[in-house]
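Chemist: The structure is given below, and queries will be raised subsequently.
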Amino acid sequence: MTAKIPVRERLLRAGEHLFAREGIDRVRIRDLNAMADVRNDSAVHYYFGSREGLLDAIVVRHMADVSAGIDHFVARLDVDREPSEATLRDAIAALAVPLGEKLLDERGRDFVQIMAEVYDRRGGLPDAQYAPSSAVAKDLVRRSMPGMSDELREERIRLTTNFIVSAMASWARAYGSGEPPALDHETFVVNLIEMSTVAGLAPMPVTGPAGAAAGPG
C-alpha cells in the first residue's frame, strides 16, 4: 500500500518516472501528486520547495551512488601515468562505469534519461558539487590527450561526456520500450568506453571534409 511509503519517497519516485518520460520542464505538480497518490496540493513545495527542488533531490540521490563509484575507480587510478591510449581509456571508464551501473534497475534508468536532458538543456552538472573526484579523472583525461589546443581538448571532453550520457539514456529508453537493446549491459558500456577513447585521440584532418572548405584560404 502506498500509505506505508513516506510521502517524500513517493514524490521522488513519481518525479523520476515523470521527468524521464515527459521531460523535466513539462511535468506538472498535479501529475506528480496524482502518481504519488498525494492529496495535499502543496506537498511538493513542503518537501522540496519547488518542482526544481524535487528534480535536484533526485539528482542528489542518484549522484551519491555515482560519486561513490567514481571514488572507487579514482582510488585505483595511477594519476602519474604517462599519457597513452590505455591511460585515457581507464580515466574515461572511471567516469562512465559508475553511471552505467544506474542502467541495471528501473529507477536508475529513469535517472539516466533525466540526466541526458539536464546535460542537453542545462550544460551538465557542476562536478565539484555532485562528484568531486570526477575532477581527478577528468584531469587525467586531459593529460592523456596531448598535442592539441586547450580549447579543442575541452571541447572533446564536453562532447564525450554528452555522448556517453546520451547513449546511456538511449539504451535505457530501449530497455523500457519492450524491445531489448541490441547489446547487453556490459558489452554496451565497454563499447561506449572504447568509442569514447578513440574519439578522444582522433587526429585533426589537414583538410576539411570532402566537399567542404577547410577554412579561409
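Note on naming: chains are A, B, ... as they come in the C-alpha cells, residues start from 1 per chain, ligands start from 1 in the order shown.
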Could you build a table of the residues in segment 21-108 of chain A lying no more than 9 Å from segment 143-151 of chain A, giving for each the nearest pair of atoms and their separation in Å rounded to one decimal place, using only C-alpha atoms, ordered by chain and ascending residue number, as a Markdown table?

Modeler:
```
| residue | atom | partner | partner_atom | distance |
| --- | --- | --- | --- | --- |
| A:Arg81 | CA | A:Ser144 | CA | 8.9 |
| A:Glu82 | CA | A:Ser144 | CA | 7.6 |
| A:Pro83 | CA | A:Ser144 | CA | 4.2 |
| A:Ser84 | CA | A:Ser144 | CA | 5.8 |
| A:Glu85 | CA | A:Ser144 | CA | 7.3 |
| A:Ala86 | CA | A:Ser144 | CA | 9.0 |
| A:Thr87 | CA | A:Ser144 | CA | 6.5 |
| A:Leu88 | CA | A:Ser144 | CA | 5.3 |
| A:Ala91 | CA | A:Ser144 | CA | 8.8 |
```

Chemist: Keeping N, CA, C and O atoms for every residue in the selection just given, could you write it to a file as a PDB file, in the first residue's frame?

Modeler:
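As written to disk, part-v2.pdb reads:
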```pdb
ATOM      1  N   ARG A  81      50.518   8.357 -14.407  1.00  0.00           N
ATOM      2  CA  ARG A  81      50.835   7.560 -15.588  1.00  0.00           C
ATOM      3  C   ARG A  81      51.173   8.440 -16.785  1.00  0.00           C
ATOM      4  O   ARG A  81      50.686   9.574 -16.915  1.00  0.00           O
ATOM      5  N   GLU A  82      51.988   7.898 -17.658  1.00  0.00           N
ATOM      6  CA  GLU A  82      52.304   8.587 -18.898  1.00  0.00           C
ATOM      7  C   GLU A  82      51.067   8.610 -19.802  1.00  0.00           C
ATOM      8  O   GLU A  82      50.260   7.675 -19.786  1.00  0.00           O
ATOM      9  N   PRO A  83      50.895   9.682 -20.561  1.00  0.00           N
ATOM     10  CA  PRO A  83      49.763   9.732 -21.494  1.00  0.00           C
ATOM     11  C   PRO A  83      49.805   8.563 -22.476  1.00  0.00           C
ATOM     12  O   PRO A  83      50.857   8.255 -23.031  1.00  0.00           O
ATOM     13  N   SER A  84      48.689   7.911 -22.643  1.00  0.00           N
ATOM     14  CA  SER A  84      48.599   6.796 -23.587  1.00  0.00           C
ATOM     15  C   SER A  84      47.128   6.499 -23.825  1.00  0.00           C
ATOM     16  O   SER A  84      46.250   6.984 -23.105  1.00  0.00           O
ATOM     17  N   GLU A  85      46.875   5.678 -24.821  1.00  0.00           N
ATOM     18  CA  GLU A  85      45.501   5.261 -25.092  1.00  0.00           C
ATOM     19  C   GLU A  85      44.931   4.503 -23.900  1.00  0.00           C
ATOM     20  O   GLU A  85      43.768   4.691 -23.527  1.00  0.00           O
ATOM     21  N   ALA A  86      45.746   3.636 -23.282  1.00  0.00           N
ATOM     22  CA  ALA A  86      45.274   2.861 -22.130  1.00  0.00           C
ATOM     23  C   ALA A  86      44.952   3.763 -20.947  1.00  0.00           C
ATOM     24  O   ALA A  86      43.961   3.538 -20.223  1.00  0.00           O
ATOM     25  N   THR A  87      45.763   4.792 -20.737  1.00  0.00           N
ATOM     26  CA  THR A  87      45.512   5.728 -19.647  1.00  0.00           C
ATOM     27  C   THR A  87      44.204   6.472 -19.878  1.00  0.00           C
ATOM     28  O   THR A  87      43.386   6.634 -18.951  1.00  0.00           O
ATOM     29  N   LEU A  88      44.002   6.932 -21.101  1.00  0.00           N
ATOM     30  CA  LEU A  88      42.753   7.630 -21.427  1.00  0.00           C
ATOM     31  C   LEU A  88      41.562   6.712 -21.240  1.00  0.00           C
ATOM     32  O   LEU A  88      40.533   7.108 -20.678  1.00  0.00           O
ATOM     33  N   ALA A  91      40.733   6.361 -17.558  1.00  0.00           N
ATOM     34  CA  ALA A  91      40.159   7.578 -16.999  1.00  0.00           C
ATOM     35  C   ALA A  91      38.702   7.747 -17.426  1.00  0.00           C
ATOM     36  O   ALA A  91      37.840   8.138 -16.628  1.00  0.00           O
TER      37      ALA A  91
END
```

Chemist: Could you pull out the alpha helix (DSSP H) residues of segment 51-194 of chain A, going by DSSP on the backbone, and write them as a PyMOL selection string?

Modeler: chain A and resi 51-76+85-100+106-122+127-130+134-143+150-176+185-194

Chemist: Write out as a ChimeraX atom specification the residues lying within 7 Å of segment 154-164 of chain A, counting only C-alpha atoms and excluding same-chain residues fewer than 5 positions away.

Modeler: /A:119,192,196,200

Chemist: Of the residues A:Gly53, A:Pro132, A:Gly100, A:Gly178, which is the one nearest to Ile24 of chain A, using only C-alpha atoms?

Modeler: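 Closest to Ile24 of chain A of all the choices is A:Gly53.
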
Chemist: How many Å lie between atom CA of Val189 of chain A and atom CA of Arg109 of chain A, rounded to one decimal?

Modeler: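 These atoms are spaced 13.8 Å apart.
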
Chemist: Just the number, please: distance in Å from atom CA of Asp90 of chain A to atom CA of Lys138 of chain A, one decimal.

Modeler: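 Between atom CA of Asp90 of chain A and atom CA of Lys138 of chain A the gap is 10.9 Å.
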
Chemist: Report as a VMD selection string all protein, DNA and RNA residues lying within 9 Å of Val59 of chain A, evaluated on only C-alpha atoms, omitting residues in the same chain fewer than 5 positions from it.

Modeler: chain A and resid 54 64 111 114 to 115 130

Chemist: Could you work out how far atom CA of His72 of chain A lies from atom CA of Ala137 of chain A, giving the answer in Å with one decimal?

Modeler: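 Taking atom CA of Ala137 of chain A as the start and atom CA of His72 of chain A as the end point, the length is 11.3 Å.
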
Chemist: Would you mind listing what lies within 10 Å of Ser133 of chain A as an MDAnalysis selection string, with only C-alpha atoms counted and same-chain residues fewer than 2 positions away left out?

Modeler: chainID A and resid 67:75 94:95 127:128 130:131 135:138

Chemist: Just the residues within 12 Å of Arg30 of chain A, please, counting only C-alpha atoms, with nothing from its chain fewer than 5 positions along; format it as a list in words.

Modeler: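 My reading of the contact set: Leu11, Ala14, Gly15, Leu18, Met35, Ala36, Asp37, Val38, Arg39, Asn40, Asp41, Ser42, Ala43, Val44, His45 and Arg51 of chain A.
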
Chemist: With only C-alpha atoms as the basis for distance, which of A:Val7, A:Leu55, A:Val66, A:Leu201 is at the shortest distance from Asn33 of chain A?

Modeler: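 Of all the options, A:Val7 lies closest to Asn33 of chain A.
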
Chemist: Using only C-alpha atoms, which of A:Leu12, A:Met204, A:Val165, A:Val60 sits nearest Gln129 of chain A?

Modeler: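 That would be A:Val60, the residue with the smallest distance to Gln129 of chain A.
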
Chemist: Check the smallest atom-to-atom distance from each of A:Arg107, A:Ala172, A:Ile92, A:Glu101 to Asp139 of chain A using only C-alpha atoms, then report the winner.

Modeler: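 Comparing A:Arg107, A:Ala172, A:Ile92, A:Glu101 against Asp139 of chain A, the winner is A:Ile92.
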